[in-house]
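Shown below: work.txt, with compact mmCIF, C-alpha atoms.
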```txt
# COMPACT_ATOMS: atom_id res chain seq x y z
CA MET A 279 107.32 118.73 107.81
CA LYS A 280 104.35 119.60 109.97
CA PHE A 281 104.48 120.62 113.63
CA THR A 282 102.60 117.46 114.66
CA GLU A 283 105.49 115.31 113.40
CA LEU A 284 107.54 116.56 116.36
CA ASN A 285 105.33 114.36 118.54
CA LYS A 286 107.40 111.39 117.34
CA ILE A 287 110.38 112.57 119.40
CA ILE A 288 109.10 115.10 121.97
CA ASN A 289 106.08 115.93 124.04
CA THR A 290 104.72 119.12 122.45
CA ASP A 291 101.97 119.50 125.06
CA THR A 292 104.36 121.46 127.25
CA ASP A 293 106.17 124.49 125.92
CA ILE A 294 108.00 125.37 129.12
CA GLU A 295 110.87 122.96 128.51
CA LEU A 296 112.15 120.36 126.08
CA SER A 297 110.56 117.02 126.90
CA VAL A 298 112.24 114.29 124.83
CA LYS A 299 110.47 110.92 124.70
CA ASP A 300 113.61 108.76 124.41
CA PRO A 301 115.65 108.88 127.65
CA ASP A 302 118.79 107.84 125.74
CA TRP A 303 118.92 111.16 123.87
CA THR A 304 121.56 113.53 125.23
CA LYS A 305 120.24 116.84 126.51
CA MET A 306 121.96 120.17 127.10
CA VAL A 307 120.25 123.20 128.69
CA ARG A 308 121.73 126.70 128.90
CA SER A 309 120.60 130.22 129.70
CA ILE A 310 120.24 132.60 126.79
CA SER A 311 123.42 134.64 126.45
CA ALA A 312 122.97 135.99 122.91
CA GLN A 313 122.24 139.70 122.58
CA VAL A 314 119.61 138.98 119.90
CA GLY A 315 117.70 135.74 119.44
CA TRP A 316 118.63 132.49 121.13
CA LEU A 317 122.15 131.41 120.20
CA SER A 318 125.47 133.13 119.76
CA LYS A 319 127.72 132.08 116.88
CA THR A 320 129.94 130.14 119.31
CA GLU A 321 126.95 128.24 120.74
CA PHE A 322 125.59 127.57 117.25
CA ASN A 323 128.93 126.14 116.10
CA SER A 324 129.29 123.95 119.19
CA LEU A 325 125.81 122.46 118.68
CA PHE A 326 125.45 122.20 114.92
CA THR A 327 128.88 121.50 113.38
CA SER A 328 127.78 117.96 112.45
CA TYR A 329 124.50 119.17 110.97
CA ILE A 330 125.56 122.07 108.71
CA ASP A 331 123.55 122.40 105.48
CA GLN A 332 120.79 120.05 106.67
CA PRO A 333 117.28 121.27 105.89
CA VAL A 334 115.66 122.41 109.15
CA PHE A 335 112.21 123.47 110.22
CA ALA A 336 111.43 126.12 112.80
CA PHE A 337 108.08 126.15 114.57
CA GLU A 338 106.44 128.46 117.03
CA THR A 339 105.22 126.49 120.04
CA PHE A 340 101.67 127.88 119.94
CA GLU A 341 99.03 128.87 117.42
CA ARG A 342 98.11 132.51 117.07
CA VAL A 343 94.42 133.32 116.51
CA SER A 344 93.43 136.26 114.32
CA LYS A 345 91.07 138.55 116.21
CA SER A 346 89.26 139.57 113.05
CA THR A 347 88.84 136.15 111.39
CA GLY A 348 89.40 133.58 114.15
CA VAL A 349 91.83 131.75 111.85
CA LYS A 350 94.63 129.90 113.67
CA ASN A 351 98.20 130.26 112.45
CA ARG A 352 101.48 128.84 113.70
CA LEU A 353 104.60 130.72 112.59
CA THR A 354 106.99 128.39 110.76
CA SER A 355 110.11 128.63 108.66
CA ARG A 356 112.37 126.33 106.66
CA PHE A 357 116.02 126.88 105.73
CA ALA A 358 119.36 125.15 105.25
CA LEU A 359 121.25 125.10 108.54
CA THR A 360 124.16 127.51 108.37
CA TRP A 361 125.15 130.23 110.82
CA GLU A 362 124.21 132.92 108.29
CA ASN A 363 120.74 131.46 107.69
CA PHE A 364 120.09 130.81 111.38
CA ASP A 365 121.29 134.25 112.45
CA ALA A 366 119.16 135.97 109.78
CA PHE A 367 116.19 133.90 110.94
CA GLN A 368 116.66 134.67 114.64
CA LYS A 369 117.06 138.40 113.92
CA SER A 370 113.96 138.62 111.72
CA THR A 371 111.37 136.21 113.11
CA ASP A 372 108.37 137.04 115.28
CA ILE A 373 108.64 133.59 116.87
CA LEU A 374 109.12 133.91 120.64
CA PHE A 375 109.25 130.25 121.68
CA LEU A 376 110.98 127.99 119.19
CA TYR A 377 111.33 124.38 118.15
CA LEU A 378 114.05 123.88 115.53
CA ALA A 379 114.32 120.36 114.14
CA SER A 380 116.16 118.52 111.43
CA SER A 381 114.02 117.05 108.69
CA ASN A 382 115.01 113.52 109.78
CA LEU A 383 114.17 114.27 113.44
CA ASN A 384 117.53 113.16 114.85
CA TRP A 385 117.98 116.32 116.93
CA ILE A 386 115.88 119.19 118.28
CA LEU A 387 116.48 122.65 119.71
CA TYR A 388 113.93 124.30 121.97
CA ALA A 389 114.31 127.92 123.02
CA ASN A 390 112.27 130.46 124.91
CA ARG A 391 113.10 133.92 126.26
CA ASP A 392 115.26 132.62 129.10
CA ARG A 393 116.96 129.40 128.00
CA TRP A 394 117.59 126.97 125.21
CA ALA A 395 117.78 123.18 125.26
CA PHE A 396 119.29 120.87 122.68
CA SER A 397 118.78 117.13 122.44
CA ALA A 398 120.10 114.60 119.94
CA ARG A 399 119.84 110.92 119.16
CA PRO A 400 122.91 109.01 120.41
```

If you convert what's in this file into structure tokens, what do you get?
Amino acid sequence: MKFTELNKIINTDTDIELSVKDPDWTKMVRSISAQVGWLSKTEFNSLFTSYIDQPVFAFETFERVSKSTGVKNRLTSRFALTWENFDAFQKSTDILFLYLASSNLNWILYANRDRWAFSARP
């Protein structure tokens, strides 16, 4: 999956909040309470119980530009959705502002330094 595919379900022009295109999608927004990363194990389990083991894609919200080469790069990752994989990812990534999406685009998590938002197809 490429970052641009997220445009099917959200407006990626703004990275201040989660802007879902379909108003029927449920949306939950919370302040970050985890000591490291975005979600605690309890929050993860409450959001993702129905989606465990799905392949997911994580994207940084912006492109970094190399000072020496001018090459643009967006940090991305792919993994099977489990608490262990997600926690390892959130503890090791350099991504600051995150979109995490299922491969079939039926839900999305957005997180920044202050809050996270989760939205899913009804």

Let me make sure I understand: among A:Lys299, A:Lys280, A:Lys319, A:Arg342, which one has the smallest atom-to-atom distance to Leu378 in chain A if we use all atoms listed in the file?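 Under the stated criterion, the closest residue is A:Lys280.
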
Rounded to one decimal place, report the CA of Ser355 in chain A-CA of Tyr377 in chain A distance in Å.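 CA of Tyr377 in chain A lies at a distance of 10.5 Å from CA of Ser355 in chain A.
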
Could you check the closest approach to Asp365 in chain A for each of A:Ser344, A:Asn384, A:Gln313, A:Asn390 and tell me which residue wins, using all atoms listed in the file? A:Gln313

How far is it from CA of Ala336 in chain A to CA of Ile287 in chain A, in Å with one decimal?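 Rounded to one decimal, the two atoms are 15.1 Å apart.
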
If you count only C-alpha atoms, the residue of A:Leu353, A:Glu321, A:Leu383, A:Gly315 closest to Ser370 in chain A turns out to be A:Gly315

Place all heavy atoms on range 321-332 of chain A and deliver the coordinates as a compact mmCIF listing (two decimals), in the coordinates of the input.
```txt
# COMPACT_ATOMS: atom_id res chain seq x y z
N GLU A 321 127.89 129.29 120.32
CA GLU A 321 126.95 128.24 120.74
C GLU A 321 126.44 127.47 119.52
O GLU A 321 126.35 126.24 119.54
CB GLU A 321 125.78 128.84 121.51
CG GLU A 321 126.17 129.39 122.85
CD GLU A 321 125.09 130.24 123.49
OE1 GLU A 321 124.37 130.97 122.76
OE2 GLU A 321 124.97 130.19 124.72
N PHE A 322 126.07 128.20 118.47
CA PHE A 322 125.59 127.57 117.25
C PHE A 322 126.62 126.57 116.73
O PHE A 322 126.29 125.43 116.44
CB PHE A 322 125.31 128.64 116.18
CG PHE A 322 124.90 128.07 114.86
CD1 PHE A 322 123.57 127.83 114.56
CD2 PHE A 322 125.85 127.74 113.90
CE1 PHE A 322 123.18 127.28 113.34
CE2 PHE A 322 125.48 127.20 112.67
CZ PHE A 322 124.14 126.96 112.40
N ASN A 323 127.88 127.02 116.63
CA ASN A 323 128.93 126.14 116.10
C ASN A 323 129.16 124.93 116.99
O ASN A 323 129.39 123.83 116.50
CB ASN A 323 130.23 126.92 115.91
CG ASN A 323 130.15 127.86 114.74
OD1 ASN A 323 129.42 127.64 113.78
ND2 ASN A 323 130.90 128.96 114.81
N SER A 324 129.07 125.09 118.30
CA SER A 324 129.29 123.95 119.19
C SER A 324 128.15 122.93 119.10
O SER A 324 128.38 121.74 119.28
CB SER A 324 129.46 124.41 120.64
OG SER A 324 128.24 124.87 121.18
N LEU A 325 126.96 123.37 118.78
CA LEU A 325 125.81 122.46 118.68
C LEU A 325 125.66 121.83 117.30
O LEU A 325 125.31 120.65 117.18
CB LEU A 325 124.51 123.21 118.99
CG LEU A 325 124.30 123.70 120.40
CD1 LEU A 325 123.03 124.53 120.47
CD2 LEU A 325 124.24 122.53 121.37
N PHE A 326 125.89 122.59 116.25
CA PHE A 326 125.45 122.20 114.92
C PHE A 326 126.55 121.86 113.91
O PHE A 326 126.25 121.65 112.74
CB PHE A 326 124.54 123.28 114.34
CG PHE A 326 123.28 123.48 115.12
CD1 PHE A 326 122.99 124.72 115.68
CD2 PHE A 326 122.38 122.45 115.31
CE1 PHE A 326 121.82 124.91 116.39
CE2 PHE A 326 121.21 122.63 116.02
CZ PHE A 326 120.93 123.88 116.56
N THR A 327 127.79 121.78 114.32
CA THR A 327 128.88 121.50 113.38
C THR A 327 128.60 120.24 112.55
O THR A 327 128.84 120.23 111.35
CB THR A 327 130.22 121.35 114.13
OG1 THR A 327 130.48 122.58 114.80
CG2 THR A 327 131.35 121.04 113.18
N SER A 328 128.06 119.22 113.16
CA SER A 328 127.78 117.96 112.45
C SER A 328 126.56 118.04 111.55
O SER A 328 126.31 117.11 110.77
CB SER A 328 127.56 116.83 113.46
OG SER A 328 128.68 116.68 114.26
N TYR A 329 125.79 119.10 111.67
CA TYR A 329 124.50 119.17 110.97
C TYR A 329 124.43 120.28 109.93
O TYR A 329 123.37 120.54 109.37
CB TYR A 329 123.37 119.37 111.98
CG TYR A 329 123.40 118.38 113.11
CD1 TYR A 329 123.64 118.80 114.42
CD2 TYR A 329 123.20 117.03 112.90
CE1 TYR A 329 123.67 117.90 115.48
CE2 TYR A 329 123.24 116.11 113.95
CZ TYR A 329 123.47 116.56 115.23
OH TYR A 329 123.50 115.67 116.27
N ILE A 330 125.55 120.94 109.64
CA ILE A 330 125.56 122.07 108.71
C ILE A 330 124.99 121.65 107.36
O ILE A 330 125.25 120.56 106.86
CB ILE A 330 126.99 122.63 108.56
CG1 ILE A 330 127.46 123.22 109.89
CG2 ILE A 330 127.09 123.67 107.44
CD1 ILE A 330 126.64 124.37 110.41
N ASP A 331 124.22 122.53 106.79
CA ASP A 331 123.55 122.40 105.48
C ASP A 331 122.35 121.46 105.48
O ASP A 331 121.72 121.27 104.44
CB ASP A 331 124.53 122.00 104.38
CG ASP A 331 125.51 123.13 104.05
OD1 ASP A 331 125.10 124.30 104.13
OD2 ASP A 331 126.66 122.82 103.73
N GLN A 332 122.01 120.86 106.62
CA GLN A 332 120.79 120.05 106.67
C GLN A 332 119.58 120.97 106.52
O GLN A 332 119.59 122.10 107.01
CB GLN A 332 120.65 119.34 108.02
CG GLN A 332 121.47 118.12 108.20
CD GLN A 332 121.10 117.39 109.49
OE1 GLN A 332 120.24 117.79 110.26
NE2 GLN A 332 121.79 116.29 109.72
```
